[in-house]
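Dumped coords-v3.pdb below, it's PDB, C-alpha atoms:
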ATOM      1  CA  MET A 686     163.548  32.820 126.460
ATOM      2  CA  LYS A 687     163.131  34.059 122.947
ATOM      3  CA  ILE A 688     159.519  32.855 122.823
ATOM      4  CA  ILE A 689     158.735  34.379 126.208
ATOM      5  CA  ARG A 690     160.152  37.733 125.159
ATOM      6  CA  GLY A 691     158.135  37.559 121.922
ATOM      7  CA  LYS A 692     154.912  36.972 123.818
ATOM      8  CA  SER A 693     155.751  39.755 126.253
ATOM      9  CA  LYS A 694     156.446  42.188 123.407
ATOM     10  CA  THR A 695     153.186  41.273 121.686
ATOM     11  CA  TRP A 696     151.239  41.861 124.914
ATOM     12  CA  ASP A 697     153.022  45.185 125.499
ATOM     13  CA  LEU A 698     152.054  46.362 122.017
ATOM     14  CA  PHE A 699     148.481  45.188 122.512
ATOM     15  CA  ILE A 700     148.002  46.877 125.871
ATOM     16  CA  LYS A 701     149.171  50.202 124.401
ATOM     17  CA  SER A 702     146.205  50.168 122.018
ATOM     18  CA  THR A 703     143.230  52.058 123.436
ATOM     19  CA  LEU A 704     140.812  50.238 121.140
ATOM     20  CA  GLY A 705     142.325  46.912 122.135
ATOM     21  CA  LYS A 706     141.788  47.669 125.832
ATOM     22  CA  VAL A 707     138.181  48.700 125.173
ATOM     23  CA  GLY A 708     137.561  45.474 123.257
ATOM     24  CA  LEU A 709     139.185  43.396 125.999
ATOM     25  CA  GLY A 710     137.068  45.163 128.624
ATOM     26  CA  LEU A 711     133.872  44.364 126.715
ATOM     27  CA  LEU A 712     134.931  40.741 126.362
ATOM     28  CA  ILE A 713     135.524  40.475 130.101
ATOM     29  CA  THR A 714     132.081  41.984 130.737
ATOM     30  CA  PHE A 715     130.360  39.389 128.567
ATOM     31  CA  ALA A 716     132.469  36.618 130.105
ATOM     32  CA  ILE A 717     131.196  37.711 133.537
ATOM     33  CA  MET A 718     127.635  37.592 132.188
ATOM     34  CA  ALA A 719     128.213  34.033 130.972
ATOM     35  CA  VAL A 720     129.561  33.023 134.388
ATOM     36  CA  LEU A 721     126.651  34.673 136.217
ATOM     37  CA  SER A 722     124.045  32.918 134.064
ATOM     38  CA  PRO A 723     123.846  29.620 136.011
ATOM     39  CA  ILE A 724     124.022  31.504 139.324
ATOM     40  CA  TRP A 725     121.045  33.684 138.407
ATOM     41  CA  ILE A 726     119.023  30.736 137.089
ATOM     42  CA  ALA A 727     119.817  28.600 140.166
ATOM     43  CA  ARG A 728     117.973  31.071 142.397
ATOM     44  CA  ASN A 729     114.687  29.516 141.282
ATOM     45  CA  PRO A 730     114.793  27.418 138.092
ATOM     46  CA  GLN A 731     110.992  27.200 137.969
ATOM     47  CA  ILE A 732     110.886  30.965 137.426
ATOM     48  CA  TYR A 733     114.303  31.856 135.993
ATOM     49  CA  ASP A 734     115.001  29.005 133.592
ATOM     50  CA  PRO A 735     115.242  30.865 130.242
ATOM     51  CA  LEU A 736     113.132  28.313 128.332
ATOM     52  CA  THR A 737     110.857  26.507 130.767
ATOM     53  CA  GLY A 738     110.669  28.938 133.682
ATOM     54  CA  LYS A 739     107.488  30.980 134.212
ATOM     55  CA  ASP A 740     106.494  33.387 136.937
ATOM     56  CA  PRO A 741     103.012  32.303 138.127
ATOM     57  CA  ASN A 742     102.276  35.870 139.203
ATOM     58  CA  VAL A 743     102.976  37.322 135.749
ATOM     59  CA  PHE A 744     100.558  37.250 132.830
ATOM     60  CA  GLY A 745     102.071  38.351 129.527
ATOM     61  CA  SER A 746     105.047  40.610 128.989
ATOM     62  CA  ILE A 747     105.708  43.130 131.761
ATOM     63  CA  PRO A 748     108.278  45.968 132.089
ATOM     64  CA  PRO A 749     111.285  45.636 134.430
ATOM     65  CA  THR A 750     110.598  44.935 138.111
ATOM     66  CA  MET A 751     112.736  43.998 141.126
ATOM     67  CA  ALA A 752     112.052  40.313 140.513
ATOM     68  CA  HIS A 753     112.615  40.642 136.750
ATOM     69  CA  PRO A 754     115.196  43.445 136.109
ATOM     70  CA  LEU A 755     114.612  43.322 132.342
ATOM     71  CA  GLY A 756     110.936  42.352 132.460
ATOM     72  CA  THR A 757     109.361  39.205 131.022
ATOM     73  CA  ASP A 758     108.304  37.936 127.614
ATOM     74  CA  GLN A 759     104.762  37.113 126.531
ATOM     75  CA  LEU A 760     104.898  33.771 128.372
ATOM     76  CA  GLY A 761     106.099  35.280 131.633
ATOM     77  CA  ARG A 762     109.686  34.076 131.184
ATOM     78  CA  ASP A 763     112.480  36.181 132.679
ATOM     79  CA  LEU A 764     114.299  38.227 130.020
ATOM     80  CA  LEU A 765     117.466  38.677 132.087
ATOM     81  CA  SER A 766     117.824  34.888 132.297
ATOM     82  CA  GLN A 767     117.522  34.673 128.508
ATOM     83  CA  LEU A 768     120.041  37.474 128.024
ATOM     84  CA  LEU A 769     122.623  35.924 130.370
ATOM     85  CA  LYS A 770     122.164  32.492 128.806
ATOM     86  CA  GLY A 771     122.510  34.094 125.384
ATOM     87  CA  SER A 772     126.024  35.256 126.293
ATOM     88  CA  GLN A 773     127.043  31.623 126.779
ATOM     89  CA  ILE A 774     125.571  30.650 123.409
ATOM     90  CA  ALA A 775     127.290  33.589 121.682
ATOM     91  CA  PHE A 776     130.681  32.646 123.125
ATOM     92  CA  LEU A 777     130.142  28.961 122.306
ATOM     93  CA  VAL A 778     129.167  29.590 118.696
ATOM     94  CA  GLY A 779     131.615  32.434 118.088
ATOM     95  CA  ILE A 780     134.732  30.856 119.560
ATOM     96  CA  SER A 781     133.965  27.381 118.167
ATOM     97  CA  VAL A 782     133.496  28.707 114.645
ATOM     98  CA  GLY A 783     136.460  31.059 114.983
ATOM     99  CA  VAL A 784     138.834  28.308 116.102
ATOM    100  CA  PHE A 785     137.618  25.653 113.645
ATOM    101  CA  SER A 786     137.399  27.895 110.574
ATOM    102  CA  THR A 787     140.736  29.598 111.244
ATOM    103  CA  SER A 788     142.451  26.253 111.842
ATOM    104  CA  ILE A 789     141.162  24.969 108.501
ATOM    105  CA  GLY A 790     142.138  28.184 106.718
ATOM    106  CA  THR A 791     145.593  28.255 108.313
ATOM    107  CA  LEU A 792     146.334  24.643 107.386
ATOM    108  CA  ILE A 793     145.193  25.102 103.784
ATOM    109  CA  GLY A 794     147.064  28.398 103.481
ATOM    110  CA  LEU A 795     150.306  26.900 104.819
ATOM    111  CA  ILE A 796     150.185  23.810 102.604
ATOM    112  CA  SER A 797     149.182  25.614  99.406
ATOM    113  CA  GLY A 798     151.710  28.409  99.936
ATOM    114  CA  TYR A 799     154.586  26.085 100.727
ATOM    115  CA  TYR A 800     154.125  23.311  98.160
ATOM    116  CA  ARG A 801     152.778  25.391  95.250
ATOM    117  CA  GLY A 802     152.149  23.517  91.963
ATOM    118  CA  LYS A 803     149.166  21.179  91.617
ATOM    119  CA  ILE A 804     148.509  21.142  95.358
ATOM    120  CA  GLU A 805     148.142  24.920  95.383
ATOM    121  CA  ILE A 806     145.883  24.901  92.318
ATOM    122  CA  VAL A 807     143.536  22.281  93.814
ATOM    123  CA  LEU A 808     143.351  23.958  97.236
ATOM    124  CA  MET A 809     142.829  27.447  95.832
ATOM    125  CA  ARG A 810     140.094  26.267  93.453
ATOM    126  CA  LEU A 811     138.437  24.573  96.429
ATOM    127  CA  THR A 812     138.705  27.887  98.268
ATOM    128  CA  ASP A 813     137.036  29.695  95.362
ATOM    129  CA  ILE A 814     134.176  27.169  95.302
ATOM    130  CA  VAL A 815     133.519  27.404  99.050
ATOM    131  CA  MET A 816     133.724  31.197  98.914
ATOM    132  CA  THR A 817     130.868  31.332  96.393
ATOM    133  CA  LEU A 818     128.518  29.041  98.337
ATOM    134  CA  PRO A 819     125.342  30.883  99.460
ATOM    135  CA  LEU A 820     125.316  30.368 103.218
ATOM    136  CA  LEU A 821     121.665  31.024 104.032
ATOM    137  CA  PRO A 822     120.164  28.711 101.352
ATOM    138  CA  LEU A 823     122.745  26.082 102.329
ATOM    139  CA  LEU A 824     121.597  26.154 105.962
ATOM    140  CA  ILE A 825     117.943  25.983 104.901
ATOM    141  CA  VAL A 826     118.627  22.930 102.713
ATOM    142  CA  ILE A 827     120.632  21.171 105.434
ATOM    143  CA  SER A 828     117.912  21.897 108.001
ATOM    144  CA  GLY A 829     115.351  20.401 105.611
ATOM    145  CA  ILE A 830     117.487  17.303 105.034
ATOM    146  CA  PHE A 831     117.987  16.587 108.728
ATOM    147  CA  GLY A 832     114.515  17.817 109.665
ATOM    148  CA  ARG A 833     115.723  19.866 112.614
ATOM    149  CA  LYS A 834     117.630  22.998 113.552
ATOM    150  CA  ASP A 835     120.638  22.155 115.699
ATOM    151  CA  ILE A 836     123.236  24.586 117.035
ATOM    152  CA  ARG A 837     125.958  21.994 116.369
ATOM    153  CA  MET A 838     124.940  21.845 112.727
ATOM    154  CA  ILE A 839     125.088  25.646 112.517
ATOM    155  CA  VAL A 840     128.590  25.650 114.042
ATOM    156  CA  LEU A 841     129.696  22.957 111.579
ATOM    157  CA  VAL A 842     128.319  24.761 108.507
ATOM    158  CA  LEU A 843     129.718  28.145 109.571
ATOM    159  CA  SER A 844     133.117  26.571 110.245
ATOM    160  CA  LEU A 845     133.226  24.806 106.871
ATOM    161  CA  ALA A 846     132.174  27.983 105.054
ATOM    162  CA  GLY A 847     134.182  30.606 106.948
ATOM    163  CA  TRP A 848     137.826  29.625 106.403
ATOM    164  CA  THR A 849     138.383  30.952 102.882
ATOM    165  CA  LEU A 850     139.602  34.483 103.666
ATOM    166  CA  ALA A 851     142.137  33.242 106.215
ATOM    167  CA  ALA A 852     143.390  30.622 103.750
ATOM    168  CA  ARG A 853     144.066  33.193 101.028
ATOM    169  CA  VAL A 854     145.858  35.670 103.287
ATOM    170  CA  ILE A 855     147.961  33.040 105.068
ATOM    171  CA  ARG A 856     148.905  31.499 101.718
ATOM    172  CA  SER A 857     150.244  34.889 100.618
ATOM    173  CA  GLN A 858     152.184  35.268 103.856
ATOM    174  CA  THR A 859     153.593  31.753 103.513
ATOM    175  CA  LEU A 860     154.799  32.521  99.984
ATOM    176  CA  THR A 861     156.819  35.389 101.450
ATOM    177  CA  LEU A 862     158.165  33.536 104.480
ATOM    178  CA  LYS A 863     159.334  30.449 102.554
ATOM    179  CA  GLU A 864     161.841  32.615 100.655
ATOM    180  CA  ARG A 865     163.509  33.894 103.829
ATOM    181  CA  PRO A 866     167.154  32.855 104.458
ATOM    182  CA  TYR A 867     166.374  30.988 107.696
ATOM    183  CA  ILE A 868     163.939  28.724 105.821
ATOM    184  CA  GLU A 869     166.616  27.938 103.247
ATOM    185  CA  SER A 870     169.055  27.214 106.084
ATOM    186  CA  ALA A 871     166.574  24.816 107.686
ATOM    187  CA  ARG A 872     166.063  23.067 104.341
ATOM    188  CA  VAL A 873     169.824  22.704 103.774
ATOM    189  CA  SER A 874     170.289  21.335 107.291
ATOM    190  CA  GLY A 875     167.928  18.478 106.419
ATOM    191  CA  ALA A 876     164.695  19.593 108.052
ATOM    192  CA  SER A 877     161.609  17.894 106.618
ATOM    193  CA  ASN A 878     158.869  19.860 104.888
ATOM    194  CA  MET A 879     156.464  19.286 107.796
ATOM    195  CA  ARG A 880     159.056  20.513 110.279
ATOM    196  CA  ILE A 881     159.711  23.645 108.212
ATOM    197  CA  ILE A 882     155.981  24.368 107.887
ATOM    198  CA  PHE A 883     154.996  23.847 111.518
ATOM    199  CA  LYS A 884     158.243  24.703 113.300
ATOM    200  CA  HIS A 885     159.577  27.641 111.290
ATOM    201  CA  ILE A 886     156.709  29.164 109.271
ATOM    202  CA  ALA A 887     153.601  28.593 111.402
ATOM    203  CA  PRO A 888     154.901  30.410 114.539
ATOM    204  CA  ASN A 889     155.586  33.502 112.433
ATOM    205  CA  ILE A 890     151.987  33.712 111.216
ATOM    206  CA  LEU A 891     150.360  33.149 114.628
ATOM    207  CA  PRO A 892     149.488  36.857 115.127
ATOM    208  CA  LEU A 893     147.897  36.872 111.668
ATOM    209  CA  THR A 894     146.038  33.664 112.488
ATOM    210  CA  PHE A 895     144.709  35.169 115.699
ATOM    211  CA  LEU A 896     143.612  38.261 113.808
ATOM    212  CA  TYR A 897     141.513  36.185 111.404
ATOM    213  CA  MET A 898     140.160  34.140 114.286
ATOM    214  CA  THR A 899     138.677  37.327 115.784
ATOM    215  CA  ILE A 900     137.152  38.099 112.382
ATOM    216  CA  GLY A 901     135.709  34.574 112.268
ATOM    217  CA  VAL A 902     134.231  34.942 115.755
ATOM    218  CA  THR A 903     132.556  38.235 114.807
ATOM    219  CA  TYR A 904     131.187  36.680 111.609
ATOM    220  CA  ALA A 905     129.801  33.699 113.527
ATOM    221  CA  ILE A 906     128.102  35.787 116.229
ATOM    222  CA  LEU A 907     126.388  38.065 113.718
ATOM    223  CA  THR A 908     125.399  35.173 111.430
ATOM    224  CA  GLU A 909     123.919  33.075 114.239
ATOM    225  CA  ALA A 910     121.988  36.106 115.499
ATOM    226  CA  GLY A 911     120.643  36.730 112.006
ATOM    227  CA  LEU A 912     119.642  33.083 111.627
ATOM    228  CA  GLY A 913     117.941  33.211 115.020
ATOM    229  CA  PHE A 914     115.948  36.302 114.071
ATOM    230  CA  LEU A 915     114.834  34.562 110.860
ATOM    231  CA  GLY A 916     113.783  31.503 112.840
ATOM    232  CA  LEU A 917     116.516  29.314 111.352
ATOM    233  CA  SER A 918     118.528  28.804 114.545
ATOM    234  CA  ASP A 919     118.012  26.157 117.217
ATOM    235  CA  PRO A 920     114.688  26.886 119.000
ATOM    236  CA  THR A 921     115.762  24.801 122.009
ATOM    237  CA  ILE A 922     118.381  27.354 123.055
ATOM    238  CA  SER A 923     118.034  30.863 124.403
ATOM    239  CA  SER A 924     120.251  32.885 122.088
ATOM    240  CA  TRP A 925     120.087  36.631 121.477
ATOM    241  CA  GLY A 926     118.883  36.040 117.934
ATOM    242  CA  MET A 927     116.060  33.825 119.184
ATOM    243  CA  MET A 928     115.092  36.510 121.735
ATOM    244  CA  LEU A 929     114.644  38.972 118.885
ATOM    245  CA  GLN A 930     112.672  36.406 116.911
ATOM    246  CA  TRP A 931     110.358  35.680 119.847
ATOM    247  CA  CYS A 932     109.835  39.412 120.344
ATOM    248  CA  PHE A 933     109.030  39.946 116.671
ATOM    249  CA  MET A 934     106.711  36.938 116.368
ATOM    250  CA  SER A 935     104.834  37.967 119.516
ATOM    251  CA  GLY A 936     104.127  41.415 118.106
ATOM    252  CA  TYR A 937     106.070  43.235 120.830
ATOM    253  CA  THR A 938     108.770  44.718 118.597
ATOM    254  CA  PHE A 939     107.633  48.313 119.080
ATOM    255  CA  LYS A 940     105.612  47.784 122.259
ATOM    256  CA  ALA A 941     108.331  46.350 124.525
ATOM    257  CA  LEU A 942     111.669  48.105 124.015
ATOM    258  CA  TYR A 943     112.899  46.500 127.252
ATOM    259  CA  TRP A 944     112.636  43.180 125.384
ATOM    260  CA  MET A 945     113.977  44.167 121.972
ATOM    261  CA  ILE A 946     116.888  46.514 122.799
ATOM    262  CA  PRO A 947     119.052  44.455 125.253
ATOM    263  CA  PRO A 948     119.745  41.483 122.930
ATOM    264  CA  GLY A 949     120.351  43.826 119.992
ATOM    265  CA  LEU A 950     122.857  45.854 122.020
ATOM    266  CA  CYS A 951     124.590  42.704 123.260
ATOM    267  CA  ILE A 952     124.971  41.318 119.741
ATOM    268  CA  SER A 953     126.486  44.596 118.548
ATOM    269  CA  ALA A 954     128.728  45.064 121.594
ATOM    270  CA  LEU A 955     130.136  41.526 121.591
ATOM    271  CA  ALA A 956     130.813  41.629 117.851
ATOM    272  CA  LEU A 957     132.426  45.059 118.338
ATOM    273  CA  SER A 958     134.637  43.736 121.145
ATOM    274  CA  PHE A 959     136.136  41.026 118.941
ATOM    275  CA  TYR A 960     136.523  43.533 116.111
ATOM    276  CA  LEU A 961     138.434  45.921 118.395
ATOM    277  CA  VAL A 962     140.682  43.133 119.633
ATOM    278  CA  GLY A 963     141.284  42.136 116.015
ATOM    279  CA  TYR A 964     142.090  45.736 115.102
ATOM    280  CA  ALA A 965     144.646  45.914 117.911
ATOM    281  CA  MET A 966     146.181  42.664 116.673
ATOM    282  CA  GLU A 967     146.325  44.090 113.150
ATOM    283  CA  GLU A 968     148.424  46.965 114.478
ATOM    284  CA  ILE A 969     150.844  44.387 115.890
ATOM    285  CA  VAL A 970     150.955  42.349 112.667
ATOM    286  CA  ASN A 971     151.327  45.431 110.456
ATOM    287  CA  PRO A 972     153.906  47.869 111.948
ATOM    288  CA  ARG A 973     152.805  50.622 109.516
ATOM    289  CA  LEU A 974     149.506  50.891 111.418
ATOM    290  CA  ARG A 975     151.151  51.544 114.764
ATOM    291  CA  GLU A 976     151.124  55.029 116.199
ATOM    292  CA  ARG A 977     154.458  56.748 115.908
TER     293      ARG A 977
END

Please rewrite the model in this file as structure tokens.
Amino acid sequence: MKIIRGKSKTWDLFIKSTLGKVGLGLLITFAIMAVLSPIWIARNPQIYDPLTGKDPNVFGSIPPTMAHPLGTDQLGRDLLSQLLKGSQIAFLVGISVGVFSTSIGTLIGLISGYYRGKIEIVLMRLTDIVMTLPLLPLLIVISGIFGRKDIRMIVLVLSLAGWTLAARVIRSQTLTLKERPYIESARVSGASNMRIIFKHIAPNILPLTFLYMTIGVTYAILTEAGLGFLGLSDPTISSWGMMLQWCFMSGYTFKALYWMIPPGLCISALALSFYLVGYAMEEIVNPRLRER
């Protein structure tokens, strides 16, 4: 019952946040777009497939029509199909990186904060090294080594490079929690170190972990979009960043606003939604930020 009441209280605090509700509403909107993507494409895959579909009656990029509500690109491919499919890619990349990077950061933060000593020194120096790695050159080098641009590789690199901030903050929180009386009581009662870490400390940093997961998701969405615009993302997927890159490379950047603006707005709005949810969670984690 205690856990249930805790979850209920957290939700009550979240739902009182106007910014949190706005962020949640935007997330639901993009989730609906992701669900609608296969339905829209299934109408006629030969025309509405975001990569291989082509309207035989369309030559070059055209403005919005009834058949193509957002118009088409220079190859006659439907832009709405690409935009809807891009929402799936954004969620896949963002949530995958957010979960993986935050899990790594949380584990390192818990272990280094609890054990201290040589373990803490090694893990924190590793954190410093990863934090200084230049992400863009690293992705270019890895792409050159493997000879291809793969979305799974991008998720892996972003996950392995994006955990450092969470690790530092959770380490600091763990240093505080391990000195609490209930931790000392658990230690005296014979609880093992692993049980203390994962049973008594970890549940108390879950809101903080979720907060940094939303930050990781935002970071991943914006980074993947930037890589796509630079032509460093996977060309076999229809992501919002790749839509912008195709628009730019085709010379339609200032000639077809119906092509350039929608993916740019979606990137900004989805990143904003996770930021707003994270801000609402920060108000829960830090009582001083709550409205009196």

Starting from the PyMOL selection byres ((chain A and resi 846-862) around 7), expand the selection into actual residues of this file and give them as a list of chain:residue names. A:Ser786, A:Thr787, A:Ile789, A:Gly790, A:Thr791, A:Ile793, A:Gly794, A:Leu795, A:Ser797, A:Gly798, A:Tyr799, A:Thr812, A:Val815, A:Met816, A:Val842, A:Leu843, A:Ser844, A:Leu845, A:Lys863, A:Glu864, A:Arg865, A:Ile886, A:Tyr897, A:Gly901

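Going from CA of Glu909 in chain A over to CA of Ile825 in chain A, you cover 13.2 Å.
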
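In this structure, CA of Pro866 in chain A sits 14.4 Å away from CA of Ile882 in chain A.
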
Convert the output of the PyMOL selection byres ((chain A and resi 748) around 10) on the shown file into explicit residues, formatted as an MDAnalysis selection string. chainID A and resid 746:747 749:750 753:758 941:944

One decimal place gives the CA of Met928 in chain A-CA of Leu709 in chain A separation as 25.4 Å

Which of these, A:Leu764, A:Val826, A:Leu841, A:Ala910, has the shortest distance to Ile726 in chain A once you count all atoms listed in the file? A:Leu764

Nearest candidate to Leu955 in chain A (options A:Asn889, A:Thr899, A:Asn742, A:Thr737; using only C-alpha atoms): A:Thr899

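What the PyMOL selection byres ((chain A and resi 959-971) around 8) grabs from this file is Thr695, Leu698, Phe699, Ser702, Leu704, Gly705, Lys706, Val707, Gly708, Leu709, Leu712, Pro892, Leu893, Phe895, Leu896, Tyr897, Thr899, Ile900, Val902, Thr903, Leu955, Ala956, Leu957, Ser958, Pro972, Arg973, Leu974 and Arg975 of chain A.
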
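Distances from A:Gln773, A:Ala752, A:Asp835, A:Gln759 to Thr921 in chain A were compared using only C-alpha atoms, and the smallest one belongs to A:Asp835.
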
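Shortest atom-to-atom contact with Gln731 in chain A among A:Ala887, A:Asp763, A:Tyr800, A:Met718: A:Asp763, counting all atoms listed in the file.
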
Box along x, y and z, 8 Å on every side, all listed atoms of range 844-850 of chain A inside: centre and edge lengths in Å to one decimal, as lines of an AutoDock Vina configuration file.
center_x = 135.9
center_y = 29.6
center_z = 106.6
size_x = 23.4
size_y = 25.7
size_z = 23.4

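Each of A:Ser924, A:Thr817, A:Ser781, A:Ser953 was compared to Leu769 in chain A using all atoms listed in the file, and A:Ser924 turns out to be the nearest.
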
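Minimum distance to Gly916 in chain A across A:Val778, A:Ile717, A:Cys932, A:Ala954 (counting only C-alpha atoms) occurs at A:Cys932.
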
Take range 692-718 of chain A, model N, CA and C atoms, and hand the result over as a PDB file, in the frame of the given file.
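Written output follows (part.pdb):
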ATOM      1  N   LYS A 692     156.264  36.855 123.289  1.00  0.00           N
ATOM      2  CA  LYS A 692     154.912  36.972 123.818  1.00  0.00           C
ATOM      3  C   LYS A 692     154.765  38.240 124.631  1.00  0.00           C
ATOM      4  N   SER A 693     155.809  38.550 125.428  1.00  0.00           N
ATOM      5  CA  SER A 693     155.751  39.755 126.253  1.00  0.00           C
ATOM      6  C   SER A 693     155.684  41.006 125.384  1.00  0.00           C
ATOM      7  N   LYS A 694     156.455  41.039 124.296  1.00  0.00           N
ATOM      8  CA  LYS A 694     156.446  42.188 123.407  1.00  0.00           C
ATOM      9  C   LYS A 694     155.095  42.344 122.740  1.00  0.00           C
ATOM     10  N   THR A 695     154.503  41.222 122.317  1.00  0.00           N
ATOM     11  CA  THR A 695     153.186  41.273 121.686  1.00  0.00           C
ATOM     12  C   THR A 695     152.147  41.828 122.654  1.00  0.00           C
ATOM     13  N   TRP A 696     152.193  41.370 123.913  1.00  0.00           N
ATOM     14  CA  TRP A 696     151.239  41.861 124.914  1.00  0.00           C
ATOM     15  C   TRP A 696     151.463  43.351 125.194  1.00  0.00           C
ATOM     16  N   ASP A 697     152.725  43.769 125.254  1.00  0.00           N
ATOM     17  CA  ASP A 697     153.022  45.185 125.499  1.00  0.00           C
ATOM     18  C   ASP A 697     152.459  46.061 124.386  1.00  0.00           C
ATOM     19  N   LEU A 698     152.599  45.613 123.138  1.00  0.00           N
ATOM     20  CA  LEU A 698     152.054  46.362 122.017  1.00  0.00           C
ATOM     21  C   LEU A 698     150.532  46.385 122.059  1.00  0.00           C
ATOM     22  N   PHE A 699     149.934  45.259 122.452  1.00  0.00           N
ATOM     23  CA  PHE A 699     148.481  45.188 122.512  1.00  0.00           C
ATOM     24  C   PHE A 699     147.928  46.119 123.580  1.00  0.00           C
ATOM     25  N   ILE A 700     148.537  46.113 124.750  1.00  0.00           N
ATOM     26  CA  ILE A 700     148.002  46.877 125.871  1.00  0.00           C
ATOM     27  C   ILE A 700     148.168  48.380 125.651  1.00  0.00           C
ATOM     28  N   LYS A 701     149.028  48.782 124.719  1.00  0.00           N
ATOM     29  CA  LYS A 701     149.171  50.202 124.401  1.00  0.00           C
ATOM     30  C   LYS A 701     148.040  50.703 123.503  1.00  0.00           C
ATOM     31  N   SER A 702     147.295  49.796 122.910  1.00  0.00           N
ATOM     32  CA  SER A 702     146.205  50.168 122.018  1.00  0.00           C
ATOM     33  C   SER A 702     144.952  50.466 122.838  1.00  0.00           C
ATOM     34  N   THR A 703     144.450  51.685 122.715  1.00  0.00           N
ATOM     35  CA  THR A 703     143.230  52.058 123.436  1.00  0.00           C
ATOM     36  C   THR A 703     142.046  51.219 122.977  1.00  0.00           C
ATOM     37  N   LEU A 704     141.918  51.036 121.665  1.00  0.00           N
ATOM     38  CA  LEU A 704     140.812  50.238 121.140  1.00  0.00           C
ATOM     39  C   LEU A 704     140.916  48.790 121.594  1.00  0.00           C
ATOM     40  N   GLY A 705     142.140  48.274 121.666  1.00  0.00           N
ATOM     41  CA  GLY A 705     142.325  46.912 122.135  1.00  0.00           C
ATOM     42  C   GLY A 705     141.880  46.748 123.580  1.00  0.00           C
ATOM     43  N   LYS A 706     142.198  47.744 124.422  1.00  0.00           N
ATOM     44  CA  LYS A 706     141.788  47.669 125.832  1.00  0.00           C
ATOM     45  C   LYS A 706     140.275  47.775 125.974  1.00  0.00           C
ATOM     46  N   VAL A 707     139.646  48.596 125.143  1.00  0.00           N
ATOM     47  CA  VAL A 707     138.181  48.700 125.173  1.00  0.00           C
ATOM     48  C   VAL A 707     137.557  47.359 124.774  1.00  0.00           C
ATOM     49  N   GLY A 708     138.073  46.764 123.701  1.00  0.00           N
ATOM     50  CA  GLY A 708     137.561  45.474 123.257  1.00  0.00           C
ATOM     51  C   GLY A 708     137.748  44.393 124.310  1.00  0.00           C
ATOM     52  N   LEU A 709     138.920  44.381 124.952  1.00  0.00           N
ATOM     53  CA  LEU A 709     139.185  43.396 125.999  1.00  0.00           C
ATOM     54  C   LEU A 709     138.257  43.601 127.189  1.00  0.00           C
ATOM     55  N   GLY A 710     137.990  44.870 127.533  1.00  0.00           N
ATOM     56  CA  GLY A 710     137.068  45.163 128.624  1.00  0.00           C
ATOM     57  C   GLY A 710     135.657  44.666 128.331  1.00  0.00           C
ATOM     58  N   LEU A 711     135.192  44.865 127.095  1.00  0.00           N
ATOM     59  CA  LEU A 711     133.872  44.364 126.715  1.00  0.00           C
ATOM     60  C   LEU A 711     133.826  42.840 126.768  1.00  0.00           C
ATOM     61  N   LEU A 712     134.895  42.200 126.319  1.00  0.00           N
ATOM     62  CA  LEU A 712     134.931  40.741 126.362  1.00  0.00           C
ATOM     63  C   LEU A 712     134.853  40.225 127.790  1.00  0.00           C
ATOM     64  N   ILE A 713     135.560  40.883 128.694  1.00  0.00           N
ATOM     65  CA  ILE A 713     135.524  40.475 130.101  1.00  0.00           C
ATOM     66  C   ILE A 713     134.126  40.654 130.666  1.00  0.00           C
ATOM     67  N   THR A 714     133.451  41.739 130.271  1.00  0.00           N
ATOM     68  CA  THR A 714     132.081  41.984 130.737  1.00  0.00           C
ATOM     69  C   THR A 714     131.149  40.854 130.307  1.00  0.00           C
ATOM     70  N   PHE A 715     131.235  40.465 129.051  1.00  0.00           N
ATOM     71  CA  PHE A 715     130.360  39.389 128.567  1.00  0.00           C
ATOM     72  C   PHE A 715     130.755  38.041 129.166  1.00  0.00           C
ATOM     73  N   ALA A 716     132.042  37.851 129.443  1.00  0.00           N
ATOM     74  CA  ALA A 716     132.469  36.618 130.105  1.00  0.00           C
ATOM     75  C   ALA A 716     131.870  36.539 131.511  1.00  0.00           C
ATOM     76  N   ILE A 717     131.822  37.671 132.209  1.00  0.00           N
ATOM     77  CA  ILE A 717     131.196  37.711 133.537  1.00  0.00           C
ATOM     78  C   ILE A 717     129.711  37.383 133.429  1.00  0.00           C
ATOM     79  N   MET A 718     129.048  37.922 132.400  1.00  0.00           N
ATOM     80  CA  MET A 718     127.635  37.592 132.188  1.00  0.00           C
ATOM     81  C   MET A 718     127.442  36.093 131.995  1.00  0.00           C
TER      82      MET A 718
END
